[in-house]
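This is protein_30.cif. It holds mmCIF, C-alpha atoms.
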```
data_coords
loop_
_atom_site.group_PDB
_atom_site.id
_atom_site.type_symbol
_atom_site.label_atom_id
_atom_site.label_comp_id
_atom_site.auth_asym_id
_atom_site.auth_seq_id
_atom_site.Cartn_x
_atom_site.Cartn_y
_atom_site.Cartn_z
ATOM 1 C CA MET A 183 0.000 0.000 0.000
ATOM 2 C CA SER A 184 1.470 3.341 -1.014
ATOM 3 C CA MET A 185 1.757 5.920 1.775
ATOM 4 C CA GLU A 186 2.169 8.752 -0.663
ATOM 5 C CA ILE A 187 -0.271 11.634 -0.389
ATOM 6 C CA PRO A 188 -2.218 11.819 -3.663
ATOM 7 C CA TYR A 189 -2.730 14.985 -5.699
ATOM 8 C CA THR A 190 0.307 16.903 -4.485
ATOM 9 C CA VAL A 191 1.350 17.890 -8.007
ATOM 10 C CA GLU A 192 -1.798 17.667 -10.098
ATOM 11 C CA ALA A 193 -5.052 19.183 -8.889
ATOM 12 C CA ARG A 194 -7.847 16.872 -7.821
ATOM 13 C CA PRO A 195 -10.436 16.770 -10.612
ATOM 14 C CA ASP A 196 -13.352 17.387 -8.204
ATOM 15 C CA THR A 197 -11.901 20.296 -6.204
ATOM 16 C CA GLY A 198 -9.549 21.764 -8.774
ATOM 17 C CA LEU A 199 -6.932 22.056 -6.021
ATOM 18 C CA THR A 200 -4.000 20.023 -4.781
ATOM 19 C CA ASN A 201 -4.547 18.249 -1.473
ATOM 20 C CA GLY A 202 -1.694 20.245 0.036
ATOM 21 C CA LYS A 203 -3.444 23.508 -0.712
ATOM 22 C CA ILE A 204 -6.743 22.370 0.764
ATOM 23 C CA GLY A 205 -4.837 21.179 3.821
ATOM 24 C CA ILE A 206 -3.018 24.462 4.367
ATOM 25 C CA TRP A 207 -6.219 26.503 3.960
ATOM 26 C CA LEU A 208 -8.024 24.303 6.496
ATOM 27 C CA PHE A 209 -5.091 24.857 8.842
ATOM 28 C CA LEU A 210 -5.221 28.613 8.242
ATOM 29 C CA ALA A 211 -8.945 28.562 9.005
ATOM 30 C CA SER A 212 -8.168 26.949 12.362
ATOM 31 C CA GLU A 213 -5.529 29.632 12.946
ATOM 32 C CA VAL A 214 -8.115 32.345 12.286
ATOM 33 C CA MET A 215 -10.289 30.788 14.984
ATOM 34 C CA LEU A 216 -7.329 30.533 17.382
ATOM 35 C CA PHE A 217 -6.338 34.169 17.028
ATOM 36 C CA GLY A 218 -10.019 35.123 16.762
ATOM 37 C CA SER A 219 -10.690 33.697 20.212
ATOM 38 C CA LEU A 220 -7.798 35.702 21.619
ATOM 39 C CA PHE A 221 -8.954 38.871 19.855
ATOM 40 C CA ALA A 222 -12.415 38.272 21.356
ATOM 41 C CA SER A 223 -10.779 37.917 24.775
ATOM 42 C CA TYR A 224 -8.918 41.172 24.200
ATOM 43 C CA VAL A 225 -12.112 43.013 23.243
ATOM 44 C CA MET A 226 -13.995 41.641 26.227
ATOM 45 C CA LEU A 227 -11.188 42.480 28.656
ATOM 46 C CA ARG A 228 -10.836 45.947 27.210
ATOM 47 C CA VAL A 229 -14.485 46.972 27.117
ATOM 48 C CA GLY A 230 -15.051 45.476 30.554
ATOM 49 C CA ASN A 231 -12.203 47.439 32.086
ATOM 50 C CA ALA A 232 -12.780 51.013 33.230
ATOM 51 C CA HIS A 233 -9.083 51.898 33.166
ATOM 52 C CA TRP A 234 -7.485 50.444 30.062
ATOM 53 C CA PRO A 235 -4.040 52.005 29.521
ATOM 54 C CA PRO A 236 -3.101 53.345 26.065
ATOM 55 C CA GLY A 237 -0.630 50.950 24.458
ATOM 56 C CA ALA A 238 2.061 53.626 24.339
ATOM 57 C CA THR A 239 2.106 53.671 28.149
ATOM 58 C CA TYR A 240 4.036 50.425 28.080
ATOM 59 C CA LEU A 241 4.950 49.739 24.472
ATOM 60 C CA ASN A 242 7.456 51.122 22.006
ATOM 61 C CA ILE A 243 5.667 52.391 18.867
ATOM 62 C CA PRO A 244 8.800 53.037 16.716
ATOM 63 C CA LEU A 245 10.052 49.487 17.318
ATOM 64 C CA ALA A 246 6.633 48.012 16.508
ATOM 65 C CA THR A 247 6.453 50.134 13.329
ATOM 66 C CA LEU A 248 9.869 48.821 12.342
ATOM 67 C CA ASN A 249 8.642 45.258 12.912
ATOM 68 C CA THR A 250 5.583 45.975 10.764
ATOM 69 C CA VAL A 251 7.814 47.115 7.901
ATOM 70 C CA ILE A 252 10.048 44.040 8.361
ATOM 71 C CA LEU A 253 7.096 41.625 8.175
ATOM 72 C CA ILE A 254 5.538 43.383 5.187
ATOM 73 C CA SER A 255 8.901 43.234 3.392
ATOM 74 C CA SER A 256 9.235 39.535 4.198
ATOM 75 C CA SER A 257 5.834 38.876 2.643
ATOM 76 C CA VAL A 258 7.005 40.461 -0.603
ATOM 77 C CA THR A 259 10.254 38.476 -0.656
ATOM 78 C CA MET A 260 8.215 35.317 -0.019
ATOM 79 C CA VAL A 261 6.113 36.080 -3.121
ATOM 80 C CA LEU A 262 9.315 36.762 -5.073
ATOM 81 C CA ALA A 263 10.806 33.443 -3.884
ATOM 82 C CA TRP A 264 7.766 31.560 -5.192
ATOM 83 C CA ALA A 265 7.775 33.572 -8.431
ATOM 84 C CA SER A 266 11.461 32.735 -8.933
ATOM 85 C CA LEU A 267 10.629 29.036 -8.880
ATOM 86 C CA ALA A 268 7.777 29.632 -11.323
ATOM 87 C CA ARG A 269 10.353 31.355 -13.565
ATOM 88 C CA ASN A 270 12.674 28.388 -13.130
ATOM 89 C CA ASP A 271 15.338 30.466 -11.381
ATOM 90 C CA PHE A 272 16.487 28.481 -8.366
ATOM 91 C CA GLY A 273 19.316 30.891 -7.513
ATOM 92 C CA ARG A 274 16.917 33.798 -7.013
ATOM 93 C CA PHE A 275 14.591 31.535 -5.046
ATOM 94 C CA ARG A 276 17.434 30.880 -2.577
ATOM 95 C CA LEU A 277 18.167 34.603 -2.431
ATOM 96 C CA PHE A 278 14.597 35.723 -1.740
ATOM 97 C CA MET A 279 13.819 32.857 0.624
ATOM 98 C CA GLY A 280 17.041 33.687 2.474
ATOM 99 C CA ILE A 281 15.971 37.329 2.807
ATOM 100 C CA THR A 282 12.557 36.184 4.075
ATOM 101 C CA ILE A 283 14.241 34.121 6.785
ATOM 102 C CA LEU A 284 16.547 37.019 7.678
ATOM 103 C CA CYS A 285 13.496 39.269 8.007
ATOM 104 C CA GLY A 286 12.101 36.704 10.449
ATOM 105 C CA PHE A 287 15.310 36.944 12.477
ATOM 106 C CA GLY A 288 15.063 40.726 12.300
ATOM 107 C CA PHE A 289 11.506 40.613 13.656
ATOM 108 C CA LEU A 290 12.557 38.342 16.523
ATOM 109 C CA THR A 291 15.541 40.550 17.349
ATOM 110 C CA VAL A 292 13.333 43.626 17.625
ATOM 111 C CA LYS A 293 10.892 41.623 19.753
ATOM 112 C CA TYR A 294 13.789 40.530 21.983
ATOM 113 C CA PHE A 295 14.674 44.167 22.666
ATOM 114 C CA GLU A 296 11.026 44.976 23.331
ATOM 115 C CA TYR A 297 10.545 42.102 25.757
ATOM 116 C CA SER A 298 13.893 42.805 27.445
ATOM 117 C CA ALA A 299 12.883 46.408 28.084
ATOM 118 C CA LYS A 300 9.629 45.232 29.677
ATOM 119 C CA PHE A 301 11.360 42.719 31.925
ATOM 120 C CA HIS A 302 14.029 45.279 32.825
ATOM 121 C CA HIS A 303 11.246 47.548 34.089
ATOM 122 C CA GLU A 304 9.682 44.587 35.913
ATOM 123 C CA LEU A 305 6.682 44.492 33.612
ATOM 124 C CA TYR A 306 5.454 40.924 33.349
ATOM 125 C CA PRO A 307 2.260 39.201 32.170
ATOM 126 C CA SER A 308 1.247 39.079 35.821
ATOM 127 C CA THR A 309 1.607 42.859 36.236
ATOM 128 C CA ASN A 310 -1.812 43.753 34.825
ATOM 129 C CA THR A 311 -4.481 42.626 32.356
ATOM 130 C CA PHE A 312 -3.127 44.729 29.503
ATOM 131 C CA LEU A 313 0.329 43.183 29.738
ATOM 132 C CA ALA A 314 -1.177 39.714 30.162
ATOM 133 C CA ILE A 315 -3.041 39.932 26.852
ATOM 134 C CA TYR A 316 -0.087 41.728 25.214
ATOM 135 C CA PHE A 317 2.360 38.958 26.080
ATOM 136 C CA THR A 318 -0.167 36.247 25.196
ATOM 137 C CA LEU A 319 -0.980 37.654 21.758
ATOM 138 C CA THR A 320 2.551 38.701 20.779
ATOM 139 C CA GLY A 321 4.076 35.549 22.304
ATOM 140 C CA LEU A 322 1.755 33.291 20.318
ATOM 141 C CA HIS A 323 2.419 35.331 17.203
ATOM 142 C CA MET A 324 6.157 35.063 17.789
ATOM 143 C CA LEU A 325 5.846 31.267 18.016
ATOM 144 C CA HIS A 326 4.186 31.376 14.602
ATOM 145 C CA VAL A 327 7.055 33.462 13.224
ATOM 146 C CA ILE A 328 9.526 30.878 14.554
ATOM 147 C CA GLY A 329 7.455 28.038 13.070
ATOM 148 C CA GLY A 330 7.283 29.772 9.704
ATOM 149 C CA MET A 331 11.028 30.411 9.752
ATOM 150 C CA ALA A 332 11.678 26.728 10.498
ATOM 151 C CA VAL A 333 9.581 25.658 7.505
ATOM 152 C CA ASN A 334 11.126 28.309 5.247
ATOM 153 C CA GLY A 335 14.588 27.326 6.472
ATOM 154 C CA TYR A 336 13.866 23.722 5.561
ATOM 155 C CA PHE A 337 12.849 24.699 2.032
ATOM 156 C CA TRP A 338 15.853 27.018 1.728
ATOM 157 C CA GLY A 339 18.217 24.255 2.877
ATOM 158 C CA PRO A 340 17.762 20.483 2.899
ATOM 159 C CA GLY A 341 14.217 20.461 1.509
ATOM 160 C CA SER A 342 15.318 22.260 -1.639
ATOM 161 C CA ALA A 343 16.836 19.027 -2.954
ATOM 162 C CA GLN A 344 13.309 18.192 -4.077
ATOM 163 C CA TRP A 345 13.604 20.896 -6.745
ATOM 164 C CA LYS A 346 15.910 18.570 -8.683
ATOM 165 C CA THR A 347 13.553 15.613 -8.671
ATOM 166 C CA GLU A 348 10.011 17.026 -8.305
ATOM 167 C CA PRO A 349 10.069 20.733 -9.188
ATOM 168 C CA VAL A 350 6.302 21.252 -9.350
ATOM 169 C CA HIS A 351 5.715 19.494 -6.032
ATOM 170 C CA PHE A 352 8.465 21.601 -4.460
ATOM 171 C CA MET A 353 6.956 24.785 -5.855
ATOM 172 C CA ASN A 354 3.538 23.852 -4.482
ATOM 173 C CA ARG A 355 5.068 23.241 -1.047
ATOM 174 C CA VAL A 356 6.788 26.631 -1.129
ATOM 175 C CA GLU A 357 3.482 28.243 -2.094
ATOM 176 C CA ASN A 358 1.799 26.592 0.898
ATOM 177 C CA ALA A 359 4.598 27.717 3.221
ATOM 178 C CA GLY A 360 4.082 31.201 1.790
ATOM 179 C CA LEU A 361 0.369 31.106 2.608
ATOM 180 C CA PHE A 362 1.239 30.423 6.251
ATOM 181 C CA TRP A 363 3.853 33.189 6.259
ATOM 182 C CA HIS A 364 1.348 35.681 4.852
ATOM 183 C CA LEU A 365 -1.136 34.750 7.589
ATOM 184 C CA VAL A 366 1.560 35.553 10.155
ATOM 185 C CA ASP A 367 1.898 38.963 8.474
ATOM 186 C CA LEU A 368 -1.889 39.376 8.386
ATOM 187 C CA VAL A 369 -2.244 38.699 12.112
ATOM 188 C CA TRP A 370 0.470 41.265 12.898
ATOM 189 C CA ILE A 371 -1.325 43.854 10.748
ATOM 190 C CA PHE A 372 -4.187 43.685 13.275
ATOM 191 C CA LEU A 373 -2.061 43.221 16.402
ATOM 192 C CA PHE A 374 -0.032 46.363 15.720
ATOM 193 C CA PRO A 375 -2.821 48.978 15.919
ATOM 194 C CA ILE A 376 -4.872 47.089 18.496
ATOM 195 C CA LEU A 377 -2.072 46.677 21.029
ATOM 196 C CA TYR A 378 0.242 49.572 20.322
ATOM 197 C CA LEU A 379 -1.858 52.441 18.990
ATOM 198 C CA LEU A 380 -5.341 52.204 20.521
ATOM 199 C CA MET B 187 23.297 24.269 -6.954
ATOM 200 C CA SER B 188 21.957 25.734 -10.119
ATOM 201 C CA ASP B 189 19.026 24.145 -11.826
ATOM 202 C CA SER B 190 17.974 27.154 -13.833
ATOM 203 C CA HIS B 191 17.304 26.611 -17.497
ATOM 204 C CA ASP B 192 17.247 22.832 -17.112
ATOM 205 C CA PRO B 193 14.643 21.658 -19.666
ATOM 206 C CA LYS B 194 13.232 19.253 -17.076
ATOM 207 C CA HIS B 195 12.264 22.268 -14.952
ATOM 208 C CA ALA B 196 10.973 24.441 -17.727
ATOM 209 C CA HIS B 197 7.589 26.007 -16.947
ATOM 210 C CA ALA B 198 7.490 24.622 -13.410
ATOM 211 C CA GLY B 199 4.010 24.737 -11.955
ATOM 212 C CA HIS B 200 0.717 25.526 -13.585
ATOM 213 C CA HIS B 201 1.191 29.279 -13.896
ATOM 214 C CA SER B 202 1.881 30.972 -17.176
ATOM 215 C CA PRO B 203 4.812 33.448 -17.315
ATOM 216 C CA GLU B 204 2.309 36.277 -17.831
ATOM 217 C CA GLU B 205 0.405 35.228 -14.731
ATOM 218 C CA VAL B 206 3.611 35.136 -12.669
ATOM 219 C CA ASP B 207 4.612 38.578 -13.968
ATOM 220 C CA ARG B 208 1.195 39.892 -12.980
ATOM 221 C CA TYR B 209 1.581 38.522 -9.427
ATOM 222 C CA VAL B 210 5.033 40.067 -9.097
ATOM 223 C CA ARG B 211 3.880 43.482 -10.327
ATOM 224 C CA ALA B 212 0.913 43.281 -7.946
ATOM 225 C CA ALA B 213 3.242 42.281 -5.092
ATOM 226 C CA TYR B 214 5.291 45.467 -5.555
ATOM 227 C CA PHE B 215 2.138 47.564 -5.725
ATOM 228 C CA VAL B 216 0.717 45.920 -2.605
ATOM 229 C CA PHE B 217 4.065 46.367 -0.817
ATOM 230 C CA GLY B 218 3.999 50.107 -1.514
ATOM 231 C CA SER B 219 0.346 50.357 -0.486
ATOM 232 C CA LEU B 220 1.006 48.515 2.773
ATOM 233 C CA LEU B 221 3.877 50.860 3.623
ATOM 234 C CA VAL B 222 1.740 53.931 2.906
ATOM 235 C CA LEU B 223 -1.169 52.545 4.945
ATOM 236 C CA THR B 224 1.196 51.742 7.826
ATOM 237 C CA GLY B 225 2.281 55.388 7.656
ATOM 238 C CA PHE B 226 -1.382 56.450 7.827
ATOM 239 C CA THR B 227 -1.987 54.183 10.831
ATOM 240 C CA VAL B 228 0.927 55.636 12.786
ATOM 241 C CA GLY B 229 0.185 59.177 11.592
ATOM 242 C CA ALA B 230 -3.441 58.906 12.736
ATOM 243 C CA TYR B 231 -2.212 57.888 16.195
ATOM 244 C CA PHE B 232 -0.264 61.130 16.570
ATOM 245 C CA LEU B 233 -3.330 63.180 15.592
ATOM 246 C CA HIS B 234 -4.917 62.178 18.928
ATOM 247 C CA LEU B 235 -8.360 61.714 17.405
ATOM 248 C CA PRO B 236 -11.431 60.983 19.561
ATOM 249 C CA LYS B 237 -11.224 57.388 20.802
ATOM 250 C CA ARG B 238 -14.162 55.942 18.913
ATOM 251 C CA PHE B 239 -13.076 57.552 15.650
ATOM 252 C CA ALA B 240 -9.455 56.465 16.187
ATOM 253 C CA ILE B 241 -10.520 52.846 16.749
ATOM 254 C CA THR B 242 -12.782 52.838 13.674
ATOM 255 C CA LEU B 243 -10.079 54.396 11.508
ATOM 256 C CA ALA B 244 -7.300 52.079 12.735
ATOM 257 C CA LEU B 245 -9.447 48.983 12.187
ATOM 258 C CA ALA B 246 -10.561 50.201 8.752
ATOM 259 C CA ILE B 247 -6.933 50.684 7.691
ATOM 260 C CA ALA B 248 -5.963 47.293 9.158
ATOM 261 C CA ALA B 249 -8.877 45.647 7.299
ATOM 262 C CA THR B 250 -7.768 47.291 4.041
ATOM 263 C CA LYS B 251 -4.202 46.075 4.566
ATOM 264 C CA GLY B 252 -5.457 42.606 5.448
ATOM 265 C CA THR B 253 -7.582 42.495 2.313
ATOM 266 C CA LEU B 254 -4.588 43.431 0.152
ATOM 267 C CA VAL B 255 -2.450 40.705 1.727
ATOM 268 C CA ALA B 256 -5.167 38.059 1.401
ATOM 269 C CA ALA B 257 -6.144 39.042 -2.139
ATOM 270 C CA TRP B 258 -2.700 39.350 -3.713
ATOM 271 C CA PHE B 259 -0.055 37.752 -1.515
ATOM 272 C CA MET B 260 -2.316 34.791 -0.749
ATOM 273 C CA HIS B 261 -3.653 34.694 -4.325
ATOM 274 C CA LEU B 262 -7.302 34.863 -3.285
ATOM 275 C CA VAL B 263 -8.065 37.001 -6.352
ATOM 276 C CA SER B 264 -7.677 33.928 -8.507
ATOM 277 C CA GLU B 265 -8.482 31.124 -6.078
ATOM 278 C CA ARG B 266 -10.954 28.269 -6.513
ATOM 279 C CA LYS B 267 -14.502 28.320 -5.162
ATOM 280 C CA LEU B 268 -13.845 25.663 -2.536
ATOM 281 C CA ILE B 269 -11.374 27.945 -0.720
ATOM 282 C CA PHE B 270 -14.012 30.682 -0.535
ATOM 283 C CA TRP B 271 -16.543 28.254 0.881
ATOM 284 C CA MET B 272 -14.047 27.273 3.554
ATOM 285 C CA LEU B 273 -13.259 30.896 4.357
ATOM 286 C CA GLY B 274 -16.967 31.781 4.341
ATOM 287 C CA LEU B 275 -17.675 29.058 6.874
ATOM 288 C CA THR B 276 -14.765 30.302 8.972
ATOM 289 C CA ALA B 277 -16.177 33.841 8.872
ATOM 290 C CA VAL B 278 -19.642 32.586 9.887
ATOM 291 C CA LEU B 279 -18.122 30.823 12.904
ATOM 292 C CA PHE B 280 -15.699 33.641 13.660
ATOM 293 C CA LEU B 281 -18.272 36.419 14.006
ATOM 294 C CA PRO B 282 -20.183 34.889 16.941
ATOM 295 C CA LEU B 283 -16.854 34.044 18.536
ATOM 296 C CA LEU B 284 -15.907 37.704 18.352
ATOM 297 C CA LEU B 285 -19.289 39.239 19.167
ATOM 298 C CA LEU B 286 -20.959 36.942 21.701
ATOM 299 C CA PRO B 287 -18.494 37.484 24.565
ATOM 300 C CA THR B 288 -18.649 41.247 23.987
ATOM 301 C CA LEU B 289 -22.452 41.264 23.959
ATOM 302 C CA THR B 290 -22.439 39.718 27.422
ATOM 303 C CA VAL B 291 -20.774 42.837 28.822
ATOM 304 C CA LEU B 292 -22.655 45.326 26.657
ATOM 305 C CA ASP B 293 -24.435 46.870 29.668
ATOM 306 C CA HIS B 294 -21.247 48.166 31.222
ATOM 307 C CA ILE B 295 -18.943 48.924 28.346
ATOM 308 C CA HIS B 296 -16.318 51.608 28.916
ATOM 309 C CA LEU B 297 -14.396 53.099 26.049
ATOM 310 C CA ARG B 298 -11.726 55.521 27.119
#
```
For this file, produce the structure as structure tokens.
Amino acid sequence: MSMEIPYTVEARPDTGLTNGKIGIWLFLASEVMLFGSLFASYVMLRVGNAHWPPGATYLNIPLATLNTVILISSSVTMVLAWASLARNDFGRFRLFMGITILCGFGFLTVKYFEYSAKFHHELYPSTNTFLAIYFTLTGLHMLHVIGGMAVNGYFWGPGSAQWKTEPVHFMNRVENAGLFWHLVDLVWIFLFPILYLL
Amino acid sequence: MSDSHDPKHAHAGHHSPEEVDRYVRAAYFVFGSLLVLTGFTVGAYFLHLPKRFAITLALAIAATKGTLVAAWFMHLVSERKLIFWMLGLTAVLFLPLLLLPTLTVLDHIHLR
């Protein structure tokens, strides 16, 4: 019995999609619900609290803006990495995927400085409700960044050997990894104003 | 490791060169738009607008940015129907998740 997943290269005739793509979109839907539940918690905590501090009381807006620009840039380089494969240019794929991963490191570095500053001032999740939801949301998001970087790193490094043997399958996998990376960007687009600016 | 121009890899995937070029051009456009909208978001913060207006504006800009990312970076502009059904179902389940808890505290909402 073959253990191979069917329809990873050709689209299924009934759905018009590869199984990998359906799988990643189902996963993204579950991610929307995960972050959605936390956003709902944030809204409920905020509207139920008479003294909600403005984000700038605790958080660094310039650093968060920089992180926004970094993530947006990484989304573009991810698209360019996929497009390079579609244009049959593996060298440029490595370049753009490498930049995407570096952007991920850049995001984490900025986050490290942000978190360090909080801890230095003895601001912890236990300090108050605002910081509790801030650390929960940004911490979970950061885990997603790390997860996305691990997958992208695999496709940049050892996983890229598949390009030699199954180029279309490899390209589809990179596209799916890109969909996850763009969701990470999408979530940050909402986290930034909600936590830092409002 | 250079596999470019290997005939075995020619026309990898199911996308025509024109389609790929279109995505790349759109990606640059979306990138610029996202940067400008991020500037608007931060700029609006420093205007110190009334709270309710500031929240509405910030969420409207975030929704616009999110739409651009989903439509072009995630290729939803040219995606199959099944994906939209899945996303529609997610939206139907997501809205009560977002609204129901808030409705329970509607009587004593404070927005400062």
**Request:** Starting from chain A, keep only residues with some atom at most 7 Å from an atom of chain B, counting all atoms listed in the file, and report them as a PyMOL selection string.
**Result:** chain A and resi 197+211+215+218-219+222+225-226+229-232+251+254+258+261-262+265+268-273+349-350+353+361+364+368+371-372+375+379-380
With C-alpha atoms retained, write the just-selected residues as a JSON list (two decimals), keeping the file's coordinate frame.
```json
[["chain", "number", "residue", "atom", "x", "y", "z"],
["A", 197, "THR", "CA", -11.90, 20.30, -6.20],
["A", 211, "ALA", "CA", -8.94, 28.56, 9.01],
["A", 215, "MET", "CA", -10.29, 30.79, 14.98],
["A", 218, "GLY", "CA", -10.02, 35.12, 16.76],
["A", 219, "SER", "CA", -10.69, 33.70, 20.21],
["A", 222, "ALA", "CA", -12.42, 38.27, 21.36],
["A", 225, "VAL", "CA", -12.11, 43.01, 23.24],
["A", 226, "MET", "CA", -14.00, 41.64, 26.23],
["A", 229, "VAL", "CA", -14.48, 46.97, 27.12],
["A", 230, "GLY", "CA", -15.05, 45.48, 30.55],
["A", 231, "ASN", "CA", -12.20, 47.44, 32.09],
["A", 232, "ALA", "CA", -12.78, 51.01, 33.23],
["A", 251, "VAL", "CA", 7.81, 47.12, 7.90],
["A", 254, "ILE", "CA", 5.54, 43.38, 5.19],
["A", 258, "VAL", "CA", 7.00, 40.46, -0.60],
["A", 261, "VAL", "CA", 6.11, 36.08, -3.12],
["A", 262, "LEU", "CA", 9.32, 36.76, -5.07],
["A", 265, "ALA", "CA", 7.78, 33.57, -8.43],
["A", 268, "ALA", "CA", 7.78, 29.63, -11.32],
["A", 269, "ARG", "CA", 10.35, 31.36, -13.56],
["A", 270, "ASN", "CA", 12.67, 28.39, -13.13],
["A", 271, "ASP", "CA", 15.34, 30.47, -11.38],
["A", 272, "PHE", "CA", 16.49, 28.48, -8.37],
["A", 273, "GLY", "CA", 19.32, 30.89, -7.51],
["A", 349, "PRO", "CA", 10.07, 20.73, -9.19],
["A", 350, "VAL", "CA", 6.30, 21.25, -9.35],
["A", 353, "MET", "CA", 6.96, 24.78, -5.86],
["A", 361, "LEU", "CA", 0.37, 31.11, 2.61],
["A", 364, "HIS", "CA", 1.35, 35.68, 4.85],
["A", 368, "LEU", "CA", -1.89, 39.38, 8.39],
["A", 371, "ILE", "CA", -1.32, 43.85, 10.75],
["A", 372, "PHE", "CA", -4.19, 43.68, 13.28],
["A", 375, "PRO", "CA", -2.82, 48.98, 15.92],
["A", 379, "LEU", "CA", -1.86, 52.44, 18.99],
["A", 380, "LEU", "CA", -5.34, 52.20, 20.52]]
```
**Request:** Work out how far apart atom CA of A:Tyr378 and atom CA of A:Ala238 are and give it in Å to one decimal.
**Result:** 6.0 Å
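Atom pair atom CA of A:Ser308 / atom CA of A:Lys293: separated by 18.9 Å.
One finds atom CA of A:Val366 at 6.6 Å from atom CA of A:Val327.
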Just say which residues the PyMOL selection byres ((chain A and resi 335) around 12) picks in this file, as a JSON list (two decimals) with C-alpha atoms, keeping the file's coordinate frame.
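Output file part37.json is given in full below:
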```json
[["chain", "number", "residue", "atom", "x", "y", "z"],
["A", 276, "ARG", "CA", 17.43, 30.88, -2.58],
["A", 278, "PHE", "CA", 14.60, 35.72, -1.74],
["A", 279, "MET", "CA", 13.82, 32.86, 0.62],
["A", 280, "GLY", "CA", 17.04, 33.69, 2.47],
["A", 281, "ILE", "CA", 15.97, 37.33, 2.81],
["A", 282, "THR", "CA", 12.56, 36.18, 4.08],
["A", 283, "ILE", "CA", 14.24, 34.12, 6.78],
["A", 284, "LEU", "CA", 16.55, 37.02, 7.68],
["A", 286, "GLY", "CA", 12.10, 36.70, 10.45],
["A", 287, "PHE", "CA", 15.31, 36.94, 12.48],
["A", 327, "VAL", "CA", 7.06, 33.46, 13.22],
["A", 328, "ILE", "CA", 9.53, 30.88, 14.55],
["A", 329, "GLY", "CA", 7.46, 28.04, 13.07],
["A", 330, "GLY", "CA", 7.28, 29.77, 9.70],
["A", 331, "MET", "CA", 11.03, 30.41, 9.75],
["A", 332, "ALA", "CA", 11.68, 26.73, 10.50],
["A", 333, "VAL", "CA", 9.58, 25.66, 7.50],
["A", 334, "ASN", "CA", 11.13, 28.31, 5.25],
["A", 336, "TYR", "CA", 13.87, 23.72, 5.56],
["A", 337, "PHE", "CA", 12.85, 24.70, 2.03],
["A", 338, "TRP", "CA", 15.85, 27.02, 1.73],
["A", 339, "GLY", "CA", 18.22, 24.26, 2.88],
["A", 340, "PRO", "CA", 17.76, 20.48, 2.90],
["A", 341, "GLY", "CA", 14.22, 20.46, 1.51],
["A", 342, "SER", "CA", 15.32, 22.26, -1.64],
["A", 356, "VAL", "CA", 6.79, 26.63, -1.13],
["A", 359, "ALA", "CA", 4.60, 27.72, 3.22]]
```
**Request:** Please provide as a ChimeraX atom specification all residues within 9 Å of stretch 313-320 of chain A, with the sequence filter that same-chain residues fewer than 4 positions apart are discarded (counting all atoms listed in the file).
**Result:** /A:217,220-221,223-224,227,240,293,297,305-309,324-325,370,373,377
**Prompt:** With all atoms listed in the file as the atoms that count, which of A:Glu348, A:Arg274, A:Leu241, A:Ala263 lies nearest to A:Glu192?
**Reply:**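 Counting all atoms listed in the file, the residue closest to A:Glu192 is A:Glu348.
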**Message:** Running the PyMOL selection byres ((chain A and resi 248) around 12) on this model by hand, what would come out? Give it as a PyMOL selection string.
**Reply:** (chain A and resi 242-247+249-255+285+288-293+296+374) or (chain B and resi 221+224-225+228)
**Message:** Suppose a student applies the PyMOL selection byres ((chain A and resi 205) around 12) to this structure; what residues should they get, written as a VMD selection string?
**Reply:** (chain A and resid 187 189 to 190 199 to 204 206 to 212 355 358 to 359 361 to 362) or (chain B and resid 268 to 269 272)
Return stretch 312-321 of chain A, completed with N, CA and C atoms, as a PDB file, keeping the file's coordinate frame.
```pdb
ATOM      1  N   PHE A 312      -3.633  44.298  30.810  1.00  0.00           N
ATOM      2  CA  PHE A 312      -3.127  44.729  29.503  1.00  0.00           C
ATOM      3  C   PHE A 312      -1.871  43.954  29.117  1.00  0.00           C
ATOM      4  N   LEU A 313      -0.924  43.886  30.054  1.00  0.00           N
ATOM      5  CA  LEU A 313       0.329  43.183  29.738  1.00  0.00           C
ATOM      6  C   LEU A 313       0.105  41.674  29.580  1.00  0.00           C
ATOM      7  N   ALA A 314      -0.873  41.142  30.295  1.00  0.00           N
ATOM      8  CA  ALA A 314      -1.177  39.714  30.162  1.00  0.00           C
ATOM      9  C   ALA A 314      -1.622  39.394  28.734  1.00  0.00           C
ATOM     10  N   ILE A 315      -2.543  40.212  28.211  1.00  0.00           N
ATOM     11  CA  ILE A 315      -3.041  39.932  26.852  1.00  0.00           C
ATOM     12  C   ILE A 315      -1.981  40.318  25.819  1.00  0.00           C
ATOM     13  N   TYR A 316      -1.168  41.335  26.128  1.00  0.00           N
ATOM     14  CA  TYR A 316      -0.087  41.728  25.214  1.00  0.00           C
ATOM     15  C   TYR A 316       0.917  40.589  25.051  1.00  0.00           C
ATOM     16  N   PHE A 317       1.368  40.035  26.168  1.00  0.00           N
ATOM     17  CA  PHE A 317       2.360  38.958  26.080  1.00  0.00           C
ATOM     18  C   PHE A 317       1.752  37.701  25.463  1.00  0.00           C
ATOM     19  N   THR A 318       0.479  37.446  25.759  1.00  0.00           N
ATOM     20  CA  THR A 318      -0.167  36.247  25.196  1.00  0.00           C
ATOM     21  C   THR A 318      -0.252  36.354  23.671  1.00  0.00           C
ATOM     22  N   LEU A 319      -0.788  37.490  23.208  1.00  0.00           N
ATOM     23  CA  LEU A 319      -0.980  37.654  21.758  1.00  0.00           C
ATOM     24  C   LEU A 319       0.355  37.725  21.011  1.00  0.00           C
ATOM     25  N   THR A 320       1.269  38.554  21.501  1.00  0.00           N
ATOM     26  CA  THR A 320       2.551  38.701  20.779  1.00  0.00           C
ATOM     27  C   THR A 320       3.410  37.447  20.939  1.00  0.00           C
ATOM     28  N   GLY A 321       3.311  36.787  22.100  1.00  0.00           N
ATOM     29  CA  GLY A 321       4.076  35.549  22.304  1.00  0.00           C
ATOM     30  C   GLY A 321       3.612  34.452  21.357  1.00  0.00           C
TER      31      GLY A 321
END
```
